[in-house]
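Below is one structure, written out as structure tokens, with a few remarks after it.
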Amino acid sequence: MTTASAPAPAPRLAARGLAAGYPGRRVIADLDLEIAPGRITMIIGANACGKSTLLSVLARVNSPLGGAVELDGTDVSTIPRRTFAQTVGLLPQHPTAPDGLTVAELVSRGRHPHRGVFQRWSATDTARVDEAMARTGVSELADRPVGDLSGGQRQRVWIAMALAQSPRILLLDEPTTFLDLSHQIEVLDLLRELNRSDGTTIVVVLHELNLAARYADDLVVMSHGRVVAHGSAHEVMTPAVIAEAFALDALVIPDPLTQTPLVVPVPGGSHVVADEG
């Protein structure tokens, strides 16, 4: 009699003593962060606090200025990029597709990390693409040019491409930007379903505090390139943390629907507006 093998443990992604930024500008210095495997982590903070910079280094889009990013304890700089991409997927904040590219063609690009230079398209590739489009509700759009879609449809197509990559860890940089509220909820519901059904580790940079508190298993609050709070929404979404991270006076009350923290700005409270870092 044979027994089913236990599923592989979720991979662990972490930053160790991380410094990151751009020529002439260091955004993050000496940051330590462990992403909880198999959970939804939301990263929040004021504009220019380093959220997108952190995500880009975790995804190997940019190299650290110091310290390291580790995957299961191994410095990712020593892992072949194609191997890394088979485990970690990224949806950037402003993805672009070539003119005329169809939905099916774009989603198919998610299979690139799993195919060698001379490897032919396989039945497995087709199945993964079909499944990704079905799960994101874009199968009926397969032959439509991506450029002809609405913002909500286009975002679901990009998520489908990321899913076709079959990542164990999915990083998303503000995936609800420019979407109306109903489509924001649609995208976040989809990400939660993927996490709950597949155990995919989801890491999202989000600017909407109350949606972050509602959907996160873990919240990371950043300010000036450092982590000022990390834990459950109930642990970290406090008036003191909101004041430190956002320079905002606020009440924090239970959401009447979910009982998660709900941030209510106090009239006349100050706030900071700056470019994203």
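Chain identifiers are assigned as A, B, and so on, following the order in which chains appear in the structure tokens; residues are numbered from 1 within each chain, and ligands are numbered from 1 in order of appearance.
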Closest contacts (stretch 168-252 of chain A/stretch 25-41 of chain A, max 10 Å, only C-alpha atoms) as a Markdown table:
```
| residue | atom | partner | partner_atom | distance |
| --- | --- | --- | --- | --- |
| A:Arg168 | CA | A:Gly38 | CA | 8.5 |
| A:Ile169 | CA | A:Pro37 | CA | 8.2 |
| A:Leu170 | CA | A:Ile40 | CA | 9.7 |
| A:Leu171 | CA | A:Thr41 | CA | 9.5 |
| A:Leu191 | CA | A:Ile40 | CA | 8.5 |
| A:Arg192 | CA | A:Ile40 | CA | 7.5 |
| A:Asn195 | CA | A:Arg39 | CA | 6.8 |
| A:Arg196 | CA | A:Arg39 | CA | 8.4 |
| A:Asp198 | CA | A:Gly38 | CA | 8.7 |
| A:Gly199 | CA | A:Gly38 | CA | 5.0 |
| A:Thr200 | CA | A:Gly38 | CA | 5.5 |
| A:Thr201 | CA | A:Gly38 | CA | 4.3 |
| A:Ile202 | CA | A:Ile40 | CA | 4.7 |
| A:Val203 | CA | A:Thr41 | CA | 4.8 |
| A:Val204 | CA | A:Thr41 | CA | 6.3 |
| A:Val205 | CA | A:Thr41 | CA | 8.6 |
| A:Ala212 | CA | A:Thr41 | CA | 8.9 |
| A:Tyr215 | CA | A:Ile40 | CA | 7.5 |
| A:Ala216 | CA | A:Ile40 | CA | 5.3 |
| A:Asp217 | CA | A:Ile40 | CA | 5.2 |
| A:Asp218 | CA | A:Thr41 | CA | 4.7 |
| A:Leu219 | CA | A:Thr41 | CA | 5.7 |
| A:Val220 | CA | A:Thr41 | CA | 7.2 |
| A:Ser223 | CA | A:Ile28 | CA | 9.8 |
| A:His224 | CA | A:Val27 | CA | 7.4 |
| A:Gly225 | CA | A:Ile28 | CA | 4.2 |
| A:Arg226 | CA | A:Leu31 | CA | 6.0 |
| A:Val227 | CA | A:Leu31 | CA | 7.1 |
| A:His230 | CA | A:Leu33 | CA | 8.8 |
| A:Gly231 | CA | A:Thr41 | CA | 9.3 |
| A:Ser232 | CA | A:Thr41 | CA | 9.4 |
```
Emit the selected residues as a tab-separated table (two decimals), in the first residue's frame, including C-alpha atoms.
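Saved the output as out07.tsv:
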```
chain	number	residue	atom	x	y	z
A	168	ARG	CA	5.23	29.33	-4.61
A	169	ILE	CA	5.70	32.99	-3.62
A	170	LEU	CA	3.87	35.79	-5.45
A	171	LEU	CA	4.91	39.43	-4.97
A	191	LEU	CA	-5.40	36.64	-4.09
A	192	ARG	CA	-6.91	35.35	-0.86
A	195	ASN	CA	-3.49	31.66	-0.85
A	196	ARG	CA	-6.13	29.59	0.89
A	198	ASP	CA	-2.89	26.57	-2.97
A	199	GLY	CA	-0.88	27.74	0.03
A	200	THR	CA	0.84	30.31	-2.17
A	201	THR	CA	2.73	32.89	-0.14
A	202	ILE	CA	1.33	36.28	-1.14
A	203	VAL	CA	3.20	39.54	-0.52
A	204	VAL	CA	1.40	42.75	-1.51
A	205	VAL	CA	2.42	46.39	-1.34
A	212	ALA	CA	-4.70	45.83	3.94
A	215	TYR	CA	-7.01	40.90	3.92
A	216	ALA	CA	-3.62	40.51	5.61
A	217	ASP	CA	-2.56	37.64	7.80
A	218	ASP	CA	0.52	39.74	8.58
A	219	LEU	CA	1.10	43.47	8.23
A	220	VAL	CA	4.49	45.09	7.70
A	223	SER	CA	8.61	54.35	7.61
A	224	HIS	CA	11.73	56.01	6.21
A	225	GLY	CA	13.21	52.76	4.94
A	226	ARG	CA	12.72	50.71	8.07
A	227	VAL	CA	10.11	48.38	9.52
A	230	HIS	CA	5.27	43.73	11.97
A	231	GLY	CA	2.50	41.40	13.09
A	232	SER	CA	-1.23	40.86	12.83
```
*Apply DSSP to the structure's backbone, then extract all residues of stretch 177-214 of chain A labelled alpha helix (DSSP H) and return them as a ChimeraX atom specification.*
/A:181-198,209-214
Closest atom pairs, residues of stretch 83-201 of chain A within 12 Å of stretch 48-69 of chain A, only C-alpha atoms, as a tab-separated table:
```
residue	atom	partner	partner_atom	distance
A:Phe84	CA	A:Arg60	CA	8.9
A:Ala85	CA	A:Ala59	CA	8.8
A:Gln86	CA	A:Ala59	CA	11.9
A:Thr87	CA	A:Ala59	CA	10.4
A:Val88	CA	A:Ala59	CA	7.0
A:Gly89	CA	A:Ala59	CA	7.3
A:Leu90	CA	A:Ala59	CA	6.4
A:Leu91	CA	A:Ala59	CA	9.6
A:Pro92	CA	A:Ser56	CA	8.3
A:Gln93	CA	A:Ser52	CA	8.5
A:His94	CA	A:Ser52	CA	11.6
A:Pro167	CA	A:Ala59	CA	11.9
A:Ile169	CA	A:Ala59	CA	9.8
A:Leu170	CA	A:Ala59	CA	9.2
A:Leu171	CA	A:Leu55	CA	7.2
A:Leu172	CA	A:Leu55	CA	8.1
A:Asp173	CA	A:Ser52	CA	6.6
A:Glu174	CA	A:Ser52	CA	8.6
A:Pro175	CA	A:Ser52	CA	11.8
```
Go ahead and write the selection's residues with C-alpha atoms as a compact mmCIF listing (two decimals), in the first residue's frame.
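Saved file out_19.txt follows:
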```txt
# COMPACT_ATOMS: atom_id res chain seq x y z
CA PHE A 84 14.50 31.59 -8.76
CA ALA A 85 11.67 32.55 -11.14
CA GLN A 86 10.22 29.05 -10.84
CA THR A 87 9.61 29.79 -7.15
CA VAL A 88 9.11 33.57 -6.92
CA GLY A 89 6.84 35.57 -9.23
CA LEU A 90 6.42 39.35 -9.44
CA LEU A 91 3.61 41.57 -10.68
CA PRO A 92 5.13 45.08 -10.87
CA GLN A 93 3.17 48.25 -10.29
CA HIS A 94 2.95 49.34 -13.93
CA PRO A 167 5.17 30.43 -8.24
CA ILE A 169 5.70 32.99 -3.62
CA LEU A 170 3.87 35.79 -5.45
CA LEU A 171 4.91 39.43 -4.97
CA LEU A 172 2.56 42.20 -6.13
CA ASP A 173 3.29 45.93 -6.11
CA GLU A 174 0.06 47.90 -5.60
CA PRO A 175 -2.12 45.60 -7.75
```
*Run DSSP on the backbone and grab whatever in stretch 36-186 of chain A lands in strand (DSSP E); send it over as a VMD selection string.*
chain A and resid 40 to 45 66 to 71 74 to 75 88 to 91 169 to 173
So that I have them on file, write out the residues from the current selection with all heavy atoms, as a short mmCIF file (atom, residue, chain, number, x, y, z; two decimals), in the first residue's frame.
```cif
data_model
loop_
_atom_site.label_atom_id
_atom_site.label_comp_id
_atom_site.auth_asym_id
_atom_site.auth_seq_id
_atom_site.Cartn_x
_atom_site.Cartn_y
_atom_site.Cartn_z
N ILE A 40 -0.60 35.59 3.79
CA ILE A 40 -0.71 36.85 3.05
C ILE A 40 -0.07 37.95 3.88
O ILE A 40 -0.51 38.22 5.00
CB ILE A 40 -2.17 37.21 2.75
CG1 ILE A 40 -2.83 36.15 1.86
CG2 ILE A 40 -2.26 38.58 2.07
CD1 ILE A 40 -4.31 36.38 1.61
N THR A 41 0.99 38.55 3.34
CA THR A 41 1.65 39.66 4.00
C THR A 41 1.38 40.93 3.20
O THR A 41 1.60 40.96 1.99
CB THR A 41 3.17 39.44 4.09
OG1 THR A 41 3.42 38.30 4.94
CG2 THR A 41 3.87 40.65 4.67
N MET A 42 0.89 41.96 3.86
CA MET A 42 0.68 43.26 3.24
C MET A 42 1.73 44.23 3.78
O MET A 42 1.98 44.29 4.99
CB MET A 42 -0.72 43.80 3.57
CG MET A 42 -1.86 42.95 3.06
SD MET A 42 -2.21 43.29 1.33
CE MET A 42 -3.66 42.25 1.08
N ILE A 43 2.35 44.97 2.87
CA ILE A 43 3.34 45.97 3.25
C ILE A 43 2.72 47.35 3.02
O ILE A 43 2.30 47.67 1.91
CB ILE A 43 4.63 45.83 2.41
CG1 ILE A 43 5.22 44.41 2.58
CG2 ILE A 43 5.65 46.88 2.82
CD1 ILE A 43 6.42 44.14 1.69
N ILE A 44 2.65 48.14 4.09
CA ILE A 44 2.03 49.46 4.00
C ILE A 44 3.00 50.50 4.54
O ILE A 44 3.97 50.19 5.23
CB ILE A 44 0.70 49.52 4.79
CG1 ILE A 44 0.92 49.22 6.27
CG2 ILE A 44 -0.32 48.55 4.20
CD1 ILE A 44 -0.32 49.41 7.13
N GLY A 45 2.72 51.76 4.21
CA GLY A 45 3.55 52.86 4.66
C GLY A 45 3.30 54.07 3.80
O GLY A 45 2.70 53.97 2.72
N GLY A 66 23.61 46.33 0.09
CA GLY A 66 24.25 45.67 1.21
C GLY A 66 23.32 44.63 1.78
O GLY A 66 22.13 44.61 1.49
N GLY A 67 23.85 43.72 2.58
CA GLY A 67 23.04 42.65 3.11
C GLY A 67 22.65 41.66 2.02
O GLY A 67 23.29 41.58 0.98
N ALA A 68 21.56 40.92 2.25
CA ALA A 68 21.20 39.88 1.30
C ALA A 68 19.71 39.57 1.39
O ALA A 68 19.05 39.83 2.40
CB ALA A 68 21.99 38.60 1.58
N VAL A 69 19.19 39.03 0.29
CA VAL A 69 17.88 38.40 0.27
C VAL A 69 18.11 36.90 0.23
O VAL A 69 18.94 36.42 -0.56
CB VAL A 69 17.05 38.85 -0.95
CG1 VAL A 69 15.75 38.06 -1.05
CG2 VAL A 69 16.76 40.34 -0.88
N GLU A 70 17.41 36.16 1.07
CA GLU A 70 17.60 34.72 1.15
C GLU A 70 16.32 33.98 0.82
O GLU A 70 15.22 34.40 1.20
CB GLU A 70 18.07 34.31 2.54
CG GLU A 70 19.43 34.87 2.92
CD GLU A 70 19.86 34.46 4.33
OE1 GLU A 70 19.03 33.84 5.04
OE2 GLU A 70 21.00 34.76 4.71
N LEU A 71 16.45 32.87 0.10
CA LEU A 71 15.35 31.95 -0.18
C LEU A 71 15.73 30.62 0.44
O LEU A 71 16.72 30.00 0.04
CB LEU A 71 15.13 31.81 -1.68
CG LEU A 71 13.96 30.92 -2.12
CD1 LEU A 71 12.63 31.50 -1.64
CD2 LEU A 71 13.95 30.75 -3.64
N THR A 74 19.33 30.48 1.48
CA THR A 74 20.37 30.65 0.45
C THR A 74 20.30 32.04 -0.14
O THR A 74 19.22 32.51 -0.52
CB THR A 74 20.19 29.61 -0.67
OG1 THR A 74 20.30 28.30 -0.12
CG2 THR A 74 21.23 29.79 -1.76
N ASP A 75 21.43 32.71 -0.21
CA ASP A 75 21.49 34.03 -0.84
C ASP A 75 21.00 33.92 -2.28
O ASP A 75 21.53 33.13 -3.07
CB ASP A 75 22.94 34.54 -0.82
CG ASP A 75 23.07 35.99 -1.25
OD1 ASP A 75 22.31 36.42 -2.14
OD2 ASP A 75 23.94 36.70 -0.71
N VAL A 88 9.56 32.23 -7.29
CA VAL A 88 9.11 33.57 -6.92
C VAL A 88 8.64 34.31 -8.17
O VAL A 88 9.38 34.45 -9.15
CB VAL A 88 10.24 34.37 -6.24
CG1 VAL A 88 9.75 35.77 -5.85
CG2 VAL A 88 10.75 33.62 -5.01
N GLY A 89 7.39 34.78 -8.14
CA GLY A 89 6.84 35.57 -9.23
C GLY A 89 6.58 36.99 -8.79
O GLY A 89 6.33 37.26 -7.60
N LEU A 90 6.62 37.93 -9.73
CA LEU A 90 6.42 39.35 -9.44
C LEU A 90 5.43 39.95 -10.41
O LEU A 90 5.53 39.76 -11.62
CB LEU A 90 7.74 40.12 -9.53
CG LEU A 90 7.62 41.65 -9.47
CD1 LEU A 90 7.20 42.11 -8.07
CD2 LEU A 90 8.93 42.31 -9.89
N LEU A 91 4.45 40.71 -9.87
CA LEU A 91 3.61 41.57 -10.68
C LEU A 91 3.98 43.00 -10.32
O LEU A 91 3.64 43.48 -9.23
CB LEU A 91 2.12 41.31 -10.40
CG LEU A 91 1.14 42.18 -11.19
CD1 LEU A 91 1.34 42.00 -12.69
CD2 LEU A 91 -0.29 41.87 -10.81
N ILE A 169 5.77 31.68 -4.26
CA ILE A 169 5.70 32.99 -3.62
C ILE A 169 5.34 34.00 -4.71
O ILE A 169 6.00 34.05 -5.75
CB ILE A 169 7.04 33.39 -2.98
CG1 ILE A 169 7.47 32.37 -1.91
CG2 ILE A 169 6.97 34.79 -2.37
CD1 ILE A 169 8.88 32.59 -1.38
N LEU A 170 4.31 34.80 -4.46
CA LEU A 170 3.87 35.79 -5.45
C LEU A 170 3.94 37.17 -4.81
O LEU A 170 3.32 37.44 -3.78
CB LEU A 170 2.44 35.48 -5.90
CG LEU A 170 1.83 36.43 -6.95
CD1 LEU A 170 2.72 36.51 -8.19
CD2 LEU A 170 0.42 35.98 -7.31
N LEU A 171 4.73 38.06 -5.43
CA LEU A 171 4.91 39.43 -4.97
C LEU A 171 4.13 40.37 -5.90
O LEU A 171 4.26 40.27 -7.12
CB LEU A 171 6.39 39.82 -4.98
CG LEU A 171 7.38 38.82 -4.36
CD1 LEU A 171 8.82 39.31 -4.55
CD2 LEU A 171 7.09 38.63 -2.88
N LEU A 172 3.37 41.28 -5.33
CA LEU A 172 2.56 42.20 -6.13
C LEU A 172 2.72 43.62 -5.59
O LEU A 172 2.55 43.87 -4.40
CB LEU A 172 1.08 41.81 -6.10
CG LEU A 172 0.74 40.38 -6.53
CD1 LEU A 172 0.53 39.50 -5.29
CD2 LEU A 172 -0.50 40.34 -7.41
N ASP A 173 3.06 44.54 -6.50
CA ASP A 173 3.29 45.93 -6.11
C ASP A 173 2.06 46.76 -6.47
O ASP A 173 1.81 47.08 -7.62
CB ASP A 173 4.52 46.48 -6.82
CG ASP A 173 4.97 47.82 -6.25
OD1 ASP A 173 4.30 48.33 -5.33
OD2 ASP A 173 6.00 48.35 -6.73
#
```
_Under the rule that only C-alpha atoms are counted, which of A:Ala247, A:Ala123, A:Ala142, A:Leu149 is the nearest residue to A:Val107?_
A:Ala142
*Would you work out the distance separating atom CA of A:Ala229 from atom CA of A:Gln184, expressed in Å to one decimal?*
24.7 Å
